[in-house]
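Structure file coords-v3.txt (compact mmCIF, C-alpha atoms (C1' of nucleotides)) is printed below.
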# COMPACT_ATOMS: atom_id res chain seq x y z
CA MET V 238 -13.28 12.84 7.37
CA SER V 239 -11.77 15.99 5.97
CA ARG V 240 -10.63 19.09 7.70
CA TRP V 241 -13.38 21.34 8.98
CA GLU V 242 -15.84 18.72 10.07
CA PRO V 243 -18.04 20.44 12.67
CA ASN V 244 -17.74 20.09 16.45
CA ALA V 245 -14.10 19.06 16.70
CA ARG V 246 -14.16 19.59 20.44
CA GLY V 247 -17.17 17.37 20.96
CA ARG V 248 -15.66 14.63 18.80
CA LEU V 249 -12.50 14.72 20.87
CA GLU V 250 -14.50 14.45 24.10
CA GLN V 251 -16.44 11.47 22.83
CA ALA V 252 -13.41 9.69 21.39
CA ALA V 253 -11.53 10.18 24.65
CA LEU V 254 -14.33 8.79 26.82
CA GLU V 255 -14.69 5.80 24.50
CA LEU V 256 -10.99 4.99 24.48
CA TYR V 257 -10.53 5.57 28.21
CA THR V 258 -13.41 3.17 28.76
CA GLU V 259 -12.24 0.56 26.24
CA ARG V 260 -8.60 0.27 27.18
CA GLY V 261 -8.05 2.50 30.20
CA TYR V 262 -6.75 6.04 30.62
CA GLU V 263 -3.06 5.27 30.82
CA GLN V 264 -3.11 2.84 27.94
CA THR V 265 -4.61 5.49 25.68
CA THR V 266 -2.37 7.99 23.90
CA VAL V 267 -3.48 11.44 22.88
CA ALA V 268 -2.51 10.59 19.31
CA GLU V 269 -5.07 7.76 19.34
CA ILE V 270 -7.82 10.03 20.64
CA ALA V 271 -7.08 12.59 17.97
CA LYS V 272 -7.00 9.95 15.25
CA ARG V 273 -10.41 8.56 16.24
CA ALA V 274 -11.79 12.10 16.13
CA GLY V 275 -10.23 12.63 12.70
CA LEU V 276 -7.77 15.23 13.99
CA THR V 277 -4.13 15.50 14.99
CA GLU V 278 -2.51 15.40 18.40
CA ARG V 279 -1.59 19.07 18.13
CA THR V 280 -5.22 20.03 17.65
CA PHE V 281 -6.21 18.07 20.74
CA PHE V 282 -3.91 20.28 22.80
CA ARG V 283 -5.42 23.39 21.27
CA HIS V 284 -8.82 22.38 22.63
CA PHE V 285 -7.74 20.91 25.98
CA ALA V 286 -4.89 21.90 28.23
CA ASP V 287 -3.91 18.31 28.87
CA LYS V 288 -4.95 14.69 28.52
CA ARG V 289 -7.13 14.83 31.64
CA GLU V 290 -8.99 18.02 30.94
CA VAL V 291 -10.97 16.47 28.09
CA LEU V 292 -13.10 14.73 30.73
CA PHE V 293 -13.84 17.91 32.68
CA ALA V 294 -15.17 20.27 30.05
CA GLY V 295 -18.48 20.68 31.88
CA ALA V 296 -17.01 21.75 35.19
CA ALA V 297 -16.88 25.43 34.31
CA SER V 298 -20.55 25.62 33.38
CA LEU V 299 -21.54 23.72 36.52
CA GLU V 300 -19.64 26.28 38.55
CA GLU V 301 -21.44 29.10 36.76
CA LEU V 302 -24.78 27.49 37.52
CA LEU V 303 -24.06 27.17 41.23
CA VAL V 304 -22.80 30.71 41.54
CA ALA V 305 -25.76 32.10 39.63
CA THR V 306 -28.17 30.16 41.81
CA VAL V 307 -26.69 31.55 45.00
CA ALA V 308 -26.48 35.05 43.59
CA GLU V 309 -30.18 35.11 42.77
CA LEU V 310 -31.30 34.15 46.26
CA PRO V 311 -32.83 36.77 48.58
CA GLU V 312 -30.35 38.28 50.99
CA SER V 313 -32.26 36.78 53.86
CA ALA V 314 -31.17 33.22 52.98
CA SER V 315 -28.66 31.78 55.43
CA PRO V 316 -25.32 30.44 54.12
CA ILE V 317 -26.36 26.85 54.56
CA ASP V 318 -29.67 27.46 52.80
CA ALA V 319 -27.91 29.18 49.93
CA VAL V 320 -25.55 26.26 49.53
CA THR V 321 -28.45 23.84 49.68
CA ALA V 322 -30.25 25.71 46.90
CA ALA V 323 -27.11 25.58 44.78
CA LEU V 324 -26.80 21.84 45.26
CA GLU V 325 -30.43 21.32 44.28
CA ALA V 326 -29.79 23.25 41.09
CA ALA V 327 -26.77 21.08 40.37
CA ALA V 328 -28.80 17.95 40.91
CA ALA V 329 -31.43 19.20 38.49
CA ALA V 330 -28.74 19.93 35.89
CA PHE V 331 -27.48 16.36 36.03
CA GLY V 332 -31.00 15.03 35.91
CA GLU V 333 -31.21 13.00 32.72
CA ARG V 334 -27.54 12.24 32.27
CA ARG V 335 -27.07 9.55 34.87
CA ALA V 336 -25.81 6.98 32.35
CA HIS V 337 -23.19 9.34 30.97
CA ALA V 338 -22.18 10.51 34.42
CA ARG V 339 -21.77 6.96 35.53
CA LYS V 340 -19.56 5.98 32.59
CA ARG V 341 -17.41 9.04 33.12
CA GLN V 342 -17.16 8.46 36.85
CA THR V 343 -16.06 4.87 36.33
CA VAL V 344 -13.11 6.09 34.29
CA ILE V 345 -12.22 8.78 36.81
CA THR V 346 -12.32 6.62 39.92
CA ALA V 347 -10.06 4.07 38.22
CA ASN V 348 -7.17 6.53 37.89
CA ALA V 349 -5.43 8.52 40.59
CA VAL V 350 -4.41 11.34 38.27
CA LEU V 351 -8.01 11.74 37.13
CA LYS V 352 -9.20 11.79 40.73
CA GLU V 353 -6.73 14.60 41.35
CA ARG V 354 -8.22 16.64 38.56
CA GLU V 355 -11.72 15.99 39.83
CA LEU V 356 -10.76 17.12 43.32
CA ILE V 357 -9.30 20.39 42.10
CA LYS V 358 -12.44 21.08 40.11
CA LEU V 359 -14.50 20.54 43.24
CA ALA V 360 -12.13 22.79 45.18
CA SER V 361 -12.60 25.47 42.54
CA LEU V 362 -16.34 25.05 42.93
CA SER V 363 -16.01 25.47 46.67
CA ALA V 364 -13.89 28.58 46.30
CA ALA V 365 -16.36 30.12 43.87
CA LEU V 366 -19.23 29.40 46.24
CA ALA V 367 -17.32 30.91 49.15
CA ASP V 368 -16.58 34.02 47.07
CA THR V 369 -20.23 34.43 46.24
CA LEU V 370 -21.23 34.02 49.87
CA ARG V 371 -18.69 36.64 50.91
CA GLY V 372 -20.18 38.94 48.30
CA ARG V 373 -23.49 38.55 50.14
CA GLY V 374 -21.98 39.64 53.41
CA VAL V 375 -21.09 36.29 54.92
CA GLY V 376 -17.89 36.50 56.92
CA GLU V 377 -14.91 34.18 57.19
CA PRO V 378 -14.49 31.40 57.98
CA ALA V 379 -18.25 30.88 57.77
CA ALA V 380 -18.29 31.37 54.00
CA SER V 381 -15.48 28.88 53.34
CA LEU V 382 -16.86 26.34 55.75
CA ALA V 383 -20.37 26.53 54.33
CA ALA V 384 -18.96 26.07 50.84
CA GLU V 385 -16.71 23.17 51.84
CA VAL V 386 -19.52 21.48 53.64
CA GLY V 387 -21.78 21.95 50.66
CA VAL V 388 -19.26 20.27 48.38
CA ALA V 389 -18.85 17.44 50.88
CA VAL V 390 -22.57 16.84 50.85
CA PHE V 391 -22.57 16.95 47.07
CA LYS V 392 -19.80 14.37 46.86
CA VAL V 393 -21.54 11.96 49.19
CA ALA V 394 -24.91 12.35 47.46
CA PHE V 395 -23.40 12.08 43.98
CA GLU V 396 -21.60 8.89 44.84
CA ARG V 397 -24.80 7.33 46.12
CA TRP V 398 -26.75 8.51 43.09
CA ILE V 399 -24.22 6.92 40.74
CA GLU V 400 -23.82 3.67 42.60
CA GLU V 401 -27.28 2.67 43.62
CA THR V 402 -29.05 0.16 41.42
CA ASN V 403 -32.52 1.33 42.31
CA GLN V 404 -32.30 4.83 40.96
CA ARG V 405 -33.37 7.47 43.45
CA ASP V 406 -33.87 11.16 42.93
CA PHE V 407 -30.61 13.08 43.13
CA SER V 408 -32.09 16.04 44.97
CA HIS V 409 -33.69 13.68 47.44
CA LEU V 410 -30.29 12.18 48.18
CA ILE V 411 -28.88 15.65 48.68
CA ARG V 412 -31.53 16.58 51.23
CA GLU V 413 -30.93 13.30 53.00
CA SER V 414 -27.17 13.80 53.19
CA LEU V 415 -27.61 17.33 54.38
CA ALA V 416 -29.87 16.23 57.21
CA GLU V 417 -27.31 13.60 58.18
CA LEU V 418 -24.59 16.23 58.19
CA LYS V 419 -26.55 18.43 60.56
CA ALA V 420 -27.00 15.52 62.90
CA VAL V 421 -23.29 14.72 62.81
CA THR V 422 -22.06 18.23 63.51
CA ALA V 423 -24.59 18.69 66.25
CA GLY V 424 -23.37 15.53 68.01
CA THR V 425 -21.69 16.06 71.36
CA MET Y 173 30.21 13.27 46.77
CA SER Y 174 30.59 9.59 46.10
CA ARG Y 175 27.99 6.91 45.83
CA TRP Y 176 26.45 5.74 49.11
CA GLU Y 177 26.33 9.02 50.97
CA PRO Y 178 23.67 8.50 53.65
CA ASN Y 179 20.08 9.71 53.49
CA ALA Y 180 19.66 9.97 49.73
CA ARG Y 181 15.93 10.41 50.12
CA GLY Y 182 16.26 13.29 52.54
CA ARG Y 183 18.82 15.02 50.32
CA LEU Y 184 16.44 14.77 47.39
CA GLU Y 185 13.60 16.27 49.43
CA GLN Y 186 15.72 19.18 50.56
CA ALA Y 187 17.19 19.84 47.12
CA ALA Y 188 13.73 19.79 45.58
CA LEU Y 189 12.25 22.24 48.08
CA GLU Y 190 15.20 24.57 47.60
CA LEU Y 191 15.01 24.52 43.82
CA TYR Y 192 11.22 24.80 43.72
CA THR Y 193 11.54 27.85 45.96
CA GLU Y 194 14.45 29.42 44.09
CA ARG Y 195 13.22 29.14 40.53
CA GLY Y 196 9.72 27.67 40.72
CA TYR Y 197 8.35 24.17 40.30
CA GLU Y 198 7.93 24.12 36.54
CA GLN Y 199 11.30 25.71 35.86
CA THR Y 200 13.05 22.98 37.82
CA THR Y 201 13.96 19.69 36.14
CA VAL Y 202 14.27 16.43 37.98
CA ALA Y 203 17.81 16.13 36.64
CA GLU Y 204 18.69 19.36 38.45
CA ILE Y 205 17.24 18.14 41.74
CA ALA Y 206 19.15 14.89 41.47
CA LYS Y 207 22.35 16.69 40.61
CA ARG Y 208 22.09 18.98 43.65
CA ALA Y 209 21.56 15.90 45.81
CA GLY Y 210 24.57 14.21 44.24
CA LEU Y 211 22.46 11.55 42.53
CA THR Y 212 21.02 10.77 39.12
CA GLU Y 213 17.57 11.37 37.71
CA ARG Y 214 16.89 7.63 37.67
CA THR Y 215 17.53 7.38 41.38
CA PHE Y 216 15.11 10.21 42.05
CA PHE Y 217 12.36 8.16 40.46
CA ARG Y 218 13.30 5.15 42.57
CA HIS Y 219 12.57 7.17 45.71
CA PHE Y 220 9.56 9.17 44.52
CA ALA Y 221 6.85 8.16 42.09
CA ASP Y 222 6.94 11.52 40.35
CA LYS Y 223 8.22 15.08 40.49
CA ARG Y 224 5.41 16.18 42.82
CA GLU Y 225 5.57 13.39 45.32
CA VAL Y 226 8.90 14.58 46.71
CA LEU Y 227 6.98 17.35 48.50
CA PHE Y 228 4.46 14.99 50.10
CA ALA Y 229 6.61 12.39 51.79
CA GLY Y 230 5.16 13.21 55.22
CA ALA Y 231 1.53 12.70 54.25
CA ALA Y 232 1.55 8.98 54.96
CA SER Y 233 2.83 9.38 58.49
CA LEU Y 234 0.33 12.16 59.18
CA GLU Y 235 -2.41 9.81 58.08
CA GLU Y 236 -1.11 7.11 60.40
CA LEU Y 237 -1.11 9.55 63.28
CA LEU Y 238 -4.71 10.61 62.74
CA VAL Y 239 -5.94 7.06 62.37
CA ALA Y 240 -4.07 5.93 65.47
CA THR Y 241 -5.48 8.83 67.46
CA VAL Y 242 -9.04 7.96 66.55
CA ALA Y 243 -8.49 4.26 67.11
CA GLU Y 244 -7.30 4.83 70.66
CA LEU Y 245 -10.33 6.84 71.72
CA PRO Y 246 -12.97 5.26 73.96
CA GLU Y 247 -15.94 3.87 72.08
CA SER Y 248 -18.16 6.42 73.73
CA ALA Y 249 -16.65 9.31 71.77
CA SER Y 250 -18.98 10.72 69.11
CA PRO Y 251 -17.78 10.93 65.48
CA ILE Y 252 -17.28 14.66 65.64
CA ASP Y 253 -15.36 14.38 68.90
CA ALA Y 254 -13.15 11.67 67.45
CA VAL Y 255 -12.37 13.81 64.44
CA THR Y 256 -11.65 16.76 66.67
CA ALA Y 257 -9.17 14.73 68.70
CA ALA Y 258 -7.44 13.64 65.50
CA LEU Y 259 -7.11 17.22 64.34
CA GLU Y 260 -5.64 18.27 67.68
CA ALA Y 261 -3.04 15.53 67.33
CA ALA Y 262 -2.20 16.73 63.84
CA ALA Y 263 -1.82 20.28 65.09
CA ALA Y 264 0.56 19.08 67.79
CA ALA Y 265 2.61 17.17 65.23
CA PHE Y 266 3.12 20.29 63.14
CA GLY Y 267 3.93 22.30 66.24
CA GLU Y 268 7.49 23.51 65.77
CA ARG Y 269 7.69 23.28 62.02
CA ARG Y 270 5.71 26.35 61.06
CA ALA Y 271 8.59 27.88 59.07
CA HIS Y 272 9.12 24.74 57.04
CA ALA Y 273 5.39 24.25 56.53
CA ARG Y 274 5.07 27.80 55.34
CA LYS Y 275 7.89 27.49 52.80
CA ARG Y 276 6.45 24.26 51.47
CA GLN Y 277 2.93 25.68 51.30
CA THR Y 278 4.14 28.70 49.35
CA VAL Y 279 5.50 26.38 46.67
CA ILE Y 280 2.34 24.29 46.58
CA THR Y 281 -0.17 27.11 46.35
CA ALA Y 282 1.81 28.60 43.46
CA ASN Y 283 1.24 25.57 41.23
CA ALA Y 284 -2.03 23.98 40.14
CA VAL Y 285 -0.52 20.52 39.71
CA LEU Y 286 0.89 20.63 43.23
CA LYS Y 287 -2.46 21.74 44.60
CA GLU Y 288 -3.99 18.72 42.92
CA ARG Y 289 -1.57 16.43 44.68
CA GLU Y 290 -2.27 18.10 48.00
CA LEU Y 291 -6.00 17.67 47.54
CA ILE Y 292 -5.73 13.96 46.85
CA LYS Y 293 -3.59 13.52 49.95
CA LEU Y 294 -6.28 15.25 51.98
CA ALA Y 295 -8.91 13.07 50.35
CA SER Y 296 -6.90 10.01 51.28
CA LEU Y 297 -6.77 11.32 54.83
CA SER Y 298 -10.52 11.78 54.84
CA ALA Y 299 -11.09 8.27 53.49
CA ALA Y 300 -8.80 6.77 56.13
CA LEU Y 301 -10.62 8.65 58.87
CA ALA Y 302 -13.98 7.52 57.55
CA ASP Y 303 -12.74 3.92 57.47
CA THR Y 304 -11.62 4.14 61.05
CA LEU Y 305 -14.92 5.62 62.13
CA ARG Y 306 -16.80 2.85 60.38
CA GLY Y 307 -14.61 0.38 62.22
CA ARG Y 308 -15.93 1.91 65.40
CA GLY Y 309 -19.53 1.34 64.42
CA VAL Y 310 -20.34 4.68 62.84
CA GLY Y 311 -22.68 4.26 59.90
CA GLU Y 312 -22.77 5.87 56.48
CA PRO Y 313 -22.97 8.59 55.44
CA ALA Y 314 -22.22 9.85 58.95
CA ALA Y 315 -18.67 8.49 58.89
CA SER Y 316 -17.78 10.04 55.52
CA LEU Y 317 -19.40 13.34 56.39
CA ALA Y 318 -17.66 13.60 59.74
CA ALA Y 319 -14.34 12.86 58.08
CA GLU Y 320 -14.91 15.34 55.25
CA VAL Y 321 -15.98 18.00 57.67
CA GLY Y 322 -12.93 17.35 59.80
CA VAL Y 323 -10.64 17.81 56.83
CA ALA Y 324 -12.47 21.00 55.88
CA VAL Y 325 -11.89 22.38 59.37
CA PHE Y 326 -8.25 21.36 59.16
CA LYS Y 327 -7.78 23.13 55.83
CA VAL Y 328 -9.30 26.35 57.08
CA ALA Y 329 -7.34 26.32 60.33
CA PHE Y 330 -4.07 25.39 58.62
CA GLU Y 331 -4.40 28.23 56.15
CA ARG Y 332 -4.93 30.69 58.96
CA TRP Y 333 -2.05 29.28 60.97
CA ILE Y 334 0.30 29.64 58.00
CA GLU Y 335 -0.82 33.08 56.92
CA GLU Y 336 -1.20 35.05 60.09
CA THR Y 337 1.70 37.26 61.06
CA ASN Y 338 0.95 37.14 64.76
CA GLN Y 339 1.46 33.47 65.33
CA ARG Y 340 -1.42 31.82 67.13
CA ASP Y 341 -1.69 28.33 68.49
CA PHE Y 342 -2.68 25.83 65.80
CA SER Y 343 -4.96 23.82 68.05
CA HIS Y 344 -6.65 27.00 69.19
CA LEU Y 345 -7.40 27.84 65.56
CA ILE Y 346 -8.82 24.37 65.07
CA ARG Y 347 -11.19 24.71 68.00
CA GLU Y 348 -12.24 28.11 66.72
CA SER Y 349 -12.97 26.84 63.20
CA LEU Y 350 -14.86 23.89 64.55
CA ALA Y 351 -17.09 26.14 66.62
CA GLU Y 352 -17.73 28.27 63.56
CA LEU Y 353 -18.64 25.19 61.58
CA LYS Y 354 -21.20 24.13 64.13
CA ALA Y 355 -22.76 27.56 63.98
CA VAL Y 356 -22.92 27.45 60.19
CA THR Y 357 -24.50 24.03 59.89
CA ALA Y 358 -26.99 24.82 62.63
CA GLY Y 359 -28.14 27.97 60.80
CA THR Y 360 -31.65 27.85 59.38
C1' DT U 82 37.86 -14.39 50.36
C1' DT U 83 33.62 -15.16 47.91
C1' DC U 84 28.91 -14.56 47.30
C1' DC U 85 24.69 -12.15 47.74
C1' DT U 86 21.81 -8.28 48.07
C1' DG U 87 20.18 -3.73 47.80
C1' DA U 88 21.13 0.85 46.14
C1' DT U 89 22.87 3.36 42.38
C1' DG U 90 24.39 4.36 37.51
C1' DT U 91 23.83 4.08 32.40
C1' DC U 92 21.27 3.91 28.30
C1' DA U 93 17.58 3.77 25.22
C1' DG U 94 12.98 4.52 24.55
C1' DT U 95 7.86 6.29 24.94
C1' DC U 96 4.76 9.87 25.40
C1' DA U 97 2.77 14.33 27.17
C1' DC U 98 3.15 18.83 25.91
C1' DT U 99 5.02 23.27 23.38
C1' DG U 100 6.69 26.74 19.95
C1' DA U 101 7.22 28.09 15.22
C1' DC U 102 5.54 28.11 10.92
C1' DA U 103 2.73 26.49 6.89
C1' DT U 104 -1.86 25.58 5.03
C1' DC U 105 -6.68 25.49 4.43
C1' DG U 106 -11.55 27.14 4.17
C1' DC U 107 -14.63 30.74 5.05
C1' DT U 108 -15.84 35.66 5.22
C1' DT U 109 -15.45 40.38 4.07
C1' DC U 110 -14.31 44.08 1.35
C1' DG U 111 -13.23 46.34 -2.94
C1' DC E 284 -15.68 37.92 -9.01
C1' DG E 285 -11.02 38.10 -6.75
C1' DA E 286 -7.83 39.42 -3.04
C1' DA E 287 -7.02 40.00 1.79
C1' DG E 288 -7.80 38.66 6.35
C1' DC E 289 -8.60 35.38 9.92
C1' DG E 290 -9.44 31.41 12.66
C1' DA E 291 -8.84 26.49 12.81
C1' DT E 292 -5.95 22.85 11.53
C1' DG E 293 -1.60 20.41 10.05
C1' DT E 294 3.51 19.62 10.21
C1' DC E 295 7.81 19.41 12.43
C1' DA E 296 11.21 19.64 15.77
C1' DG E 297 12.03 19.90 20.06
C1' DT E 298 12.06 19.38 25.81
C1' DG E 299 11.35 16.88 29.81
C1' DA E 300 8.83 13.40 32.80
C1' DC E 301 8.92 8.74 33.44
C1' DT E 302 10.11 3.49 32.54
C1' DG E 303 12.45 -0.95 31.51
C1' DA E 304 16.67 -3.51 31.06
C1' DC E 305 21.02 -4.22 32.42
C1' DA E 306 25.59 -3.06 34.54
C1' DT E 307 28.08 -1.74 38.70
C1' DC E 308 29.27 -0.82 43.31
C1' DA E 309 29.46 -1.18 48.65
C1' DG E 310 28.73 -3.83 52.58
C1' DG E 311 27.32 -7.91 55.08
C1' DA E 312 26.88 -13.09 55.31
C1' DA E 313 28.87 -17.54 54.55
Whole structure, structure tokens version:
Amino acid sequence: MSRWEPNARGRLEQAALELYTERGYEQTTVAEIAKRAGLTERTFFRHFADKREVLFAGAASLEELLVATVAELPESASPIDAVTAALEAAAAAFGERRAHARKRQTVITANAVLKERELIKLASLSAALADTLRGRGVGEPAASLAAEVGVAVFKVAFERWIEETNQRDFSHLIRESLAELKAVTAGT
Amino acid sequence: MSRWEPNARGRLEQAALELYTERGYEQTTVAEIAKRAGLTERTFFRHFADKREVLFAGAASLEELLVATVAELPESASPIDAVTAALEAAAAAFGERRAHARKRQTVITANAVLKERELIKLASLSAALADTLRGRGVGEPAASLAAEVGVAVFKVAFERWIEETNQRDFSHLIRESLAELKAVTAGT
DNA sequence: TTCCTGATGTCAGTCACTGACATCGCTTCG
DNA sequence: CGAAGCGATGTCAGTGACTGACATCAGGAA
């Protein structure tokens, strides 16, 4: 395991998920992650801003996907429809990786500090969606609310998708949660 | 400034907010906060779990207030009405403390790690609301969605209340945001 | 007074994270 | 081919958040 093995970043991500799963997030030191990946602690911090971030490498690309999806929609689409389309795209992107998502989510939900990081990633997602909606002429606070509501629906559907034993289609769960949301907000 | 001055916890909170405002969160050490409060670093960590928590001491009581408000409503109230009532109670609780809330919020929005902590407090609020709704016979995912949506409305209204120069009534802003939300989710 | 208890102080230690600088392997240019 | 340049990695010495163990102090109970 010499210097210059390929994919240092990917090795660090894998080593971290393994160790966080094996012995827990807090009981794992960055030095141990780096060692398992054949690197040093200092190199870990060159690839990831902190010990949590190694679990959230994919968040940026997910955000790009959602924004791109909304941006490509015809102007005629309503805010809620735009958000729905974005969520469907996200569901499709997860698609095959339920096992990995589940493992990762188990680690995250077991640690408050990891939950914090997850929440701020979702907030960033919401802000990006709201920005895109505003760019399409949606006013405030409609843009922010549509984005927040979209993320709320995503959270609820994702949780169900991960937890259920009888695997159901992610996008189906999203449509279901969205319908439920409309019923709730319409309630007197 | 001897040992056993009263209200150590309150002195720490005030010293922290002052220092975070004066020189920024990251540039302030816990030792400095403790020193200004006439205490030691070790004592700081006996009152607050970490350097961030000192800004969020009131979150627990806010949560209690919201839960109590919902719990006292007649069973006939719909989920969205229950959440609305809780938000109105929260608005009333803030009432006079706009200046303090504003100062605190300025510090929080300037630091990613503080934003993370704020988000998890709001998530805890949402979870507590959802629990209470479930206790009143509301099913899932309606309970979670109503709670999430309520928190989203609160966030939007709070931001406006803090930012606007011409001070408007907090509960008025909440009703306004809620109406907007209903319009958004009803949109085709 | 004496004892007990809870709040505080002291000290030593771990670990996340950073800056400065050295080193390595590959690529490009002469 | 060999030297220079450059990006990725290693090494080292810090700072500061946070913790455990133990001592100490003030006030109330016996």
As an exercise, work out the distance from CA of Gly332 (chain V) to CA of Lys392 (chain V) in Å and give it to one decimal place.
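Separation of CA of Gly332 (chain V) and CA of Lys392 (chain V): 15.7 Å.
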Rounded to one decimal in Å, what is the spacing between CA of Val321 (chain Y) and CA of Lys352 (chain V)?
19.3 Å
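Proximity of Y:Ile252, Y:Glu331, Y:Leu286, Y:Arg269 to chain V, computed with only C-alpha atoms, is greatest for Y:Ile252.
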Nearby residues (only C-alpha atoms (C1' of nucleotides)) at most 10 Å from Ala380 (chain V), same-chain spacing under 2 positions excluded, as a list in words:
Pro316, Ile317, Val320, Ser363, Ala364, Leu366, Ala367, Asp368, Thr369, Leu370, Arg371, Gly372, Arg373, Gly374, Val375, Gly376, Glu377, Pro378, Leu382, Ala383, Ala384, Glu385 and Val386 of chain V; Leu353 and Val356 of chain Y
Once you count only C-alpha atoms (C1' of nucleotides), which residues end up no further than 12 Å from (-13.0, 27.0, 16.7) in the file's frame, shown as a PyMOL selection string?
(chain V and resi 241-247+280-281+283-284) or (chain E and resi 289-292)
Gap from CA of Leu292 (chain V) to CA of Ala347 (chain V) - Å, one decimal:
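Atom-to-atom, CA of Leu292 (chain V) to CA of Ala347 (chain V), that is 13.4 Å.
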Residues of chain E within 8 Å of chain Y, counting all atoms listed in the file, what are they? List them as a ChimeraX atom specification.
/E:299-301,309
Go ahead and save the picked residues with C-alpha atoms (C1' of nucleotides), as a tab-separated table (two decimals), in the frame of the given file.
chain	number	residue	atom	x	y	z
E	299	DG	C1'	11.35	16.88	29.81
E	300	DA	C1'	8.83	13.40	32.80
E	301	DC	C1'	8.92	8.74	33.44
E	309	DA	C1'	29.46	-1.18	48.65
Proximity of chain U to chain Y: per-residue shortest pair, 9 Å limit, all atoms listed in the file, as CSV:
residue,atom,partner,partner_atom,distance
U:DA88,C1',Y:Trp176,CA,7.8
U:DT89,C1',Y:Thr215,CA,6.8
U:DG90,C1',Y:Thr212,CA,7.4
From the set Y:Glu190, Y:Glu260, Y:Glu336, Y:Asp253, which residue has the shortest atom-to-atom contact distance to chain V, counting only C-alpha atoms?
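Result for the nearest residue to chain V: Y:Asp253.
Using all atoms listed in the file, the smallest distance between any of Y:Ala188, Y:Val226, Y:Ala206, Y:Ala355 and chain V comes from Y:Ala355.
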So which residues touch DA286 (chain E) within 12 Å, counting only C-alpha atoms (C1' of nucleotides), skipping near sequence neighbours fewer than 6 positions away, as a PyMOL selection string?
chain U and resi 109-111
Shortest contact to DG288 (chain E), candidates U:DA97, U:DC84, U:DC107, U:DC102, atoms counted all atoms listed in the file, goes to U:DC107
Let me have the centre and edge lengths in Å, one decimal, of the box along x, y and z around every listed atom of region 98-105 of chain U with 6 Å of margin on each side, as lines of an AutoDock Vina configuration file.
center_x = 0.3
center_y = 23.5
center_z = 15.2
size_x = 25.9
size_y = 21.3
size_z = 33.5
